[in-house]
Structure formats: C-alpha cells, structure tokens
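Shown next, in structure tokens, is the structure this report addresses.
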2 protein chains.
Amino acid sequence: MKLYPVVMAGGSGTRFWPLSRKGRPKQFLHLLGDAPLLAATVARLPPLAKLDRTYVVCGPAHARTVKKMLPELPPENVLVEPCARNTAPCVGLAALHVVRRDPEGIMAMLPADHHVARKAAFRDALAAAAAVAEQGAITTIGVRPNRPETGYGYLKVGPRMPPPRRTPTKASRSRQGNPQRGLLPHKVDCFVEKPDAATAAGYLAGGDYLWNSGIFVFRADVILEEIRRTMPALGEQLESIGTALGTPRATRVLKKVFPECPSISIDYGVMEKSDRIAVIPADFGWSDVGSFAALSEVRARDAQGNVTEGDALILDGKDNVAIAHPGRLLAMVGVDDVIAVDAGDVVLVCRRDRAQDVRKAVEELKRRGREDLL
Amino acid sequence: MKLYPVVMAGGSGTRFWPLSRKGRPKQFLHLLGDAPLLAATVARLPPLAKLDRTYVVCGPAHARTVKKMLPELPPENVLVEPCARNTAPCVGLAALHVVRRDPEGIMAMLPADHHVARKAAFRDALAAAAAVAEQGAITTIGVRPNRPETGYGYLKVGPRMPPPRRTPTKASRSRQGNPQRGLLPHKVDCFVEKPDAATAAGYLAGGDYLWNSGIFVFRADVILEEIRRTMPALGEQLESIGTALGTPRATRVLKKVFPECPSISIDYGVMEKSDRIAVIPADFGWSDVGSFAALSEVRARDAQGNVTEGDALILDGKDNVAIAHPGRLLAMVGVDDVIAVDAGDVVLVCRRDRAQDVRKAVEELKRRGREDLL
C-alpha cells in the first residue's frame, strides 16, 4: 500500500484580507509561524509519505509560487487546474494522476491551509485512515471537538466497523505500542452543516459528533468509481482527461474539458451520497484557521489573551489580535476583542466576532472597482 | 483701544499621537479641515485685529514652522520661549512685548489649537471682552454648555457687572443691530475643575456654569501688575526680562531668566486669585478639540455618526473616527466607538471613551526608549 498525499491549494479565500490577496491566498501566508501554511502542510507528512509521492493542486496563477515554496517537490507533482471548480473535479484530476502511476494507490486529500498542533498524532490518524481506505472505504478524519464551535461542519459517528485486515503503514506500526485512543474506523451516520450555538453545545455534550476536518483518504480507483456513480457527467469528463494523460494532447484536453466540469464539492458530490464512508475519530490539535479570530486558538497568547505579531503595543486591552507591518508600530489602547491588521497598503480593524465578515469589505471594494487592493 | 491677540502655540500635547509628534504638535495638524489649527486660529481674527498686532508664542523647536505656516505674520511677532514654563510665564513674556509697544494695549490670550465654528460670533465675544478689559478687568470668555461635558473646566457666573463705559471696537459695533444675546460682563464666582458626569449634568441644568474656554482678555499693564501681586518672584523675573527688551542683552537675559521662572498656569497663578475677573458668556461653537474623540463633535459625520478622513471604508459600524494615511486604505468592519488612525509609521486603535489615554501609549513608548515614534 502506498500513500499519495494530495494537498489542495486552489483556495482563494478572502477571510484573511488584507493579508491575503488574489496573488497571495491564505495558504501562502505565514499565519502561524515561520512557514507558510502550504509548506507546513507538506512538511508534516514525512516520514508517513515521501515527498515524491506528494501532489499539490493549485490554480495557474499560483503554480510558480508553489514550486518556489516547495523546491524539493518534483515539479510534475504540481497539478494545475485551468480554473477553480471546487473540490470534486480537483479530487478527480488528482485521482487520474495517482491511478495512472499506481492502480492501487491511496490518496489523502489535505487542505493546504489548516493547522495541526501534534504532527505525529496527525500522521497516526492518516495512517489509520489509509489502512481502512485500502479495504475500499472512503475514509474521513473526524476531529473530537473540545469546544462548541459553530464555525465547523460536523459528522455524526455511527457504529464501529471491523478493523482493517492488513496492518497499517510502517509509520503507524512503529507507534502501535502506544496507539492513539480510538483510531478505529466507524461508520458515518451523517454529515451536518455548521450548527448554531445550542446545537453545537449539544454535539459537544453528546460525544458522538466530530468536526469534519475536510481530510479524506481513499483509493484513487475507488473515488473515481464513486464519482462515476454519483456524478456521471463529471465521470465522463474525467475519463476524457484521463485518456489524454501522458499524450501530447493532455494539456489541450485538460484546458478544454476541465472548465466544463460542474463546480461541486467532494463532500456534497460523493461523501454525503456514498455508503462506503468511514471515519477515524482523532485528536491532533486541529484548526481550519478559518479567520483572523482563529489565530487566538492556534497562536501563543499573552496573559491578557492578546495575540501579537511584529511591533505591536496593547495597553489595557484583552483578547485582541494585532498584526503589525514590518517597520511600523501597531498600538491599541483600551480595546478588547478587536482584530487589527496592518498589511502595508491596507489597515483593517474588525471586531473579533465579525472576523468572518472581512469578506464583506472585499466585496465592497470589488464593487467600487478597487482591484488594486484585492 | 488696540487689541493684540497672543496665540499660545507652545503646547506639546500627546493626545493626538501618533498624528502629533514632538516636532509636529497638535496646533500644526490639519485636524479640522484645510488649515492647521494654528493657522485657523490666526485667520479668524481679522478684521477684529490686524495681523501685525498678532503675536504667536512658541518653543524654539517650532519657531521656524510657525513662521513658515504664517508667512504674513511679521517674524518679530513670533515670540520664542526658551523652554516650556506653562502659561503664566508665557502670558508675562507676551505682556512685556505688548506693553513696550503700546502701554494701553489689550491682549487676547488665545490657545492655538481650539476650534471655533462661528467666527463672527467669536469676534463679537472677543470685542465685548476687550471693552470690559479696557476698564481694567481680567476678562475671560465663558462658553455656554450644550451638553454635560466632563472634559472641560467650568466657571460659575456671578452677578452682572455694569457694561463698559466706552463703546467696543469697530468690528463689534458693526453688528450691534443684532447683538449676541448676553455679551454682557458678569463677575466670576469661581473656577471649577473638570466635573464628574452627575456634577456636569447639574451644571448644564442649572444654567449658571460656563465652560472655561481658556481665552483671556486683559490690558498688558494690568496682567503684569496682577502677576507681580500674586507671584512676586515671577514678577521680578519678568521685570529683568522686560528691562533687557530692545537691548543687545535681550536674548541672553531671556535665555537665562526664563528657564528659572516657575512653571505655573495663568489660571492657577492669577485667575483663581484675582478679584478683577469678569466673564463674557458667549456661544460660538467652541471646542478645545481635546482628543480624537472630539473630532466627532467638530467634524462632519456620516449617517452612522462616523468621521472619516482619506481612504476609509467603514462597514456595519457607527460612531467611529477613521483617519487613513495618504495612499493607504483604512477599513473597519463591525466595530463601533473606535478610533483608528494611520499615521504612516504608527497605527493607533483606541476605544472612543479612552481617547484621553492615548498619552499612556506615548508614556510607555518613552519608557521603552522608542523616541523615534514620539
């Protein structure tokens, strides 16, 4: 069994504006430390998966940045989507490459812009998911919630499944003396959307709901089969792209066919419709780093709960996020629960619980034709 | 009777940091419109007082800026204090110059950094005060409060005084067909410090308290006499500075004696001790523009009560002050009652009701040795 991580780096989210821009989306930002999120995502895979088996999918505008950011990644492992078509076509495109290289290859779909605090535990969960996926299951990793988070989708855990027949990968095996509690496959009862606060509190108390991490592990041949079954049109489109792979027509066919693919998520297109879904409940300090407010969860805070970066001075204030621009001071006086970000050409001030609404500023600027700031 | 306005521009306040700096104090800032506060203060005087009779007192670090900002002011009318010694020595120094030029000259002491909405009404009040001052009174202008402001000192109005025997100046006379209600002198019962909210509400309801505008009008010979009486040491120091005026020793004596003067305000040193105080109650849209929060009172607001300058975008927010830096966007999302100021090398975010505490940031930076930002 060989594992092929596929890092999905096609996002163009606006919730980290003004740090993130069209040419510099979230996955390229140093939001959590020394490395950009994408580089950290790739770096936490070895020794579970080798770099030459790791793929990154991104848009044409970002391929050069990806290759520069990951100089040890084989350039042919950067898969360029001609345009953004959500995750189902992205998964399909990557599956075509993997299945052509290794008909029994197992893919791990990984968002490029998430945070993982405990990397070994993360790899253990991935290895456990891979062992289940090898049996044909479409396996997701569900994260045990530690707070009534309303910003995540959830999944309801179903009954235990029989453990996989074969032993998991070497990396996982090496830790089997002290296995993570509950790295055992379960069925999935259902996926649920972001809940309101009361519902989220119920999920947390009940204990049978997990955060949907957006990490999926499956055999390339299995996911292509499921796509053909649930989305026949996309199945045919992928078929024609796949047939051309490795021929001189490959790029031409991709550029013609891919934009015609339906823009649909793999969650909606396959996960919520398939009966082959399994989940590995796990716990490795995960966050989707969904907005500036999430930085308070994943970064070091001072005694007043403030997160600061660069030359920031906070007086009489708590639970703020202050990101200064190099060479400039960012001073906050008497404010609580405020996010202030100096991006050089734009300064953003936002209430913490409105961090999701940063995109509204982006929309308004678009409406005003301020493309220079987007 | 000749009126000699003396604009006190020696302030080095920190409440408009980071816009204001050591080399660019509040009176030089364009806080309210096209002109810096100092220039606006001088510009609102004619036709009541000619520019060649107007004096500006400032520190040595700012004399060049003052002369450049006021090119039509005779350069010899810029009086340079060797160092800051609060307002009593400042008033005394100016009085020496005025009395030497015109033994019967009347001075109007004007802070350089206040706002006046109705300029003609302001000149009427000044003229009325000058007419009273001519009789020997030390006259202040008290502003009728329109809100229970806790940021101002107050004075309690006493009984009516007999109107001045001589008619006031030409400028005032020309408006006598429609005189401002109550431009008649009263005694002052007492000066009171900034009140708490309940006390301020009582002052407003009672009607016999006025805001202490810090504008004083008196004969130069009278104020020198009062200084001699209430502060004999300062009286002697001024005497020696005055004796040297017009001689080659003038600068040398000033530089030696002035720093030895007590640092004391004219309010405390004379006003609160003299029995020659009169007040002209007036109303001309006055503000001392004491902090960024005051900009909401004196500048145009949008429908949500926001004051913006430059390229500012406020979404879902009210009662904010947003001052963008040229060439940069300042965006606010979901915040109310916040002051955000981009000064180029410093960005400040401050809660509106904590605007007075901006000086705390200045103190903290001083403590940290960040002189570059002060």
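Following the order of the structure tokens, first chain is A, next is B, and so on, with residues numbered from 1 inside each chain and ligands from 1 in the order they appear.
For chain A, the residues close to chain B, meaning within 6 Å and counting only C-alpha atoms, are A:Arg328, A:Leu329, A:Leu330, A:Ala331, A:Met332, A:Val333, A:Gly334, A:Val335, A:Asp345, A:Val346, A:Val347, A:Leu348, A:Val349, A:Cys350, A:Arg351.
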Give me, as an MDAnalysis selection string, the residues of stretch 80-267 of chain A that a backbone DSSP run labels strand (DSSP E).
chainID A and resid 80 106:111 115:116 138:143 154:160 186:192 209:219
Go ahead and dump the residues you just picked, C-alpha atoms, as a short mmCIF file (atom, residue, chain, number, x, y, z; two decimals), in the first residue's frame.
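Final output, saved to part11.cif:
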data_model
loop_
_atom_site.label_atom_id
_atom_site.label_comp_id
_atom_site.auth_asym_id
_atom_site.auth_seq_id
_atom_site.Cartn_x
_atom_site.Cartn_y
_atom_site.Cartn_z
CA VAL A 80 -2.55 22.85 -12.28
CA ILE A 106 -4.25 5.53 -1.80
CA MET A 107 -4.83 9.27 -1.80
CA ALA A 108 -5.02 11.54 1.23
CA MET A 109 -6.78 14.78 0.33
CA LEU A 110 -5.40 17.55 2.52
CA PRO A 111 -6.47 21.19 2.63
CA HIS A 115 -3.17 23.93 11.34
CA VAL A 116 -2.03 20.78 13.12
CA ILE A 138 -13.89 6.35 1.63
CA THR A 139 -12.39 7.43 4.90
CA THR A 140 -12.55 10.81 6.55
CA ILE A 141 -10.84 12.01 9.67
CA GLY A 142 -13.18 13.35 12.31
CA VAL A 143 -11.73 15.57 14.99
CA TYR A 154 -19.77 18.13 11.95
CA LEU A 155 -20.32 14.48 11.25
CA LYS A 156 -22.24 12.01 13.38
CA VAL A 157 -20.32 8.86 14.23
CA GLY A 158 -22.08 5.56 13.51
CA PRO A 159 -21.32 2.04 14.70
CA ARG A 160 -17.81 0.59 14.89
CA HIS A 186 -16.58 3.86 12.44
CA LYS A 187 -19.41 4.25 10.01
CA VAL A 188 -20.68 7.78 9.46
CA ASP A 189 -24.33 8.37 10.25
CA CYS A 190 -24.49 11.73 8.54
CA PHE A 191 -22.67 14.96 7.78
CA VAL A 192 -24.19 18.13 9.22
CA TYR A 209 -20.33 14.26 16.81
CA LEU A 210 -16.94 15.07 15.36
CA TRP A 211 -15.62 18.06 13.46
CA ASN A 212 -15.42 17.42 9.73
CA SER A 213 -11.75 18.12 9.10
CA GLY A 214 -12.08 18.08 5.33
CA ILE A 215 -9.36 15.43 5.23
CA PHE A 216 -10.36 12.41 3.15
CA VAL A 217 -8.45 9.24 2.42
CA PHE A 218 -9.44 6.78 -0.33
CA ARG A 219 -8.07 4.60 -3.10
#
Atom CA of A:Val56 to atom CA of A:Val7, distance in Å rounded to a single decimal:
4.6 Å
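Relative to atom CA of B:Phe16, atom CA of B:Pro145 is found at 23.8 Å.
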Report, in Å to a single decimal, how far apart atom CA of B:Arg147 and atom CA of B:Tyr203 are.
9.6 Å
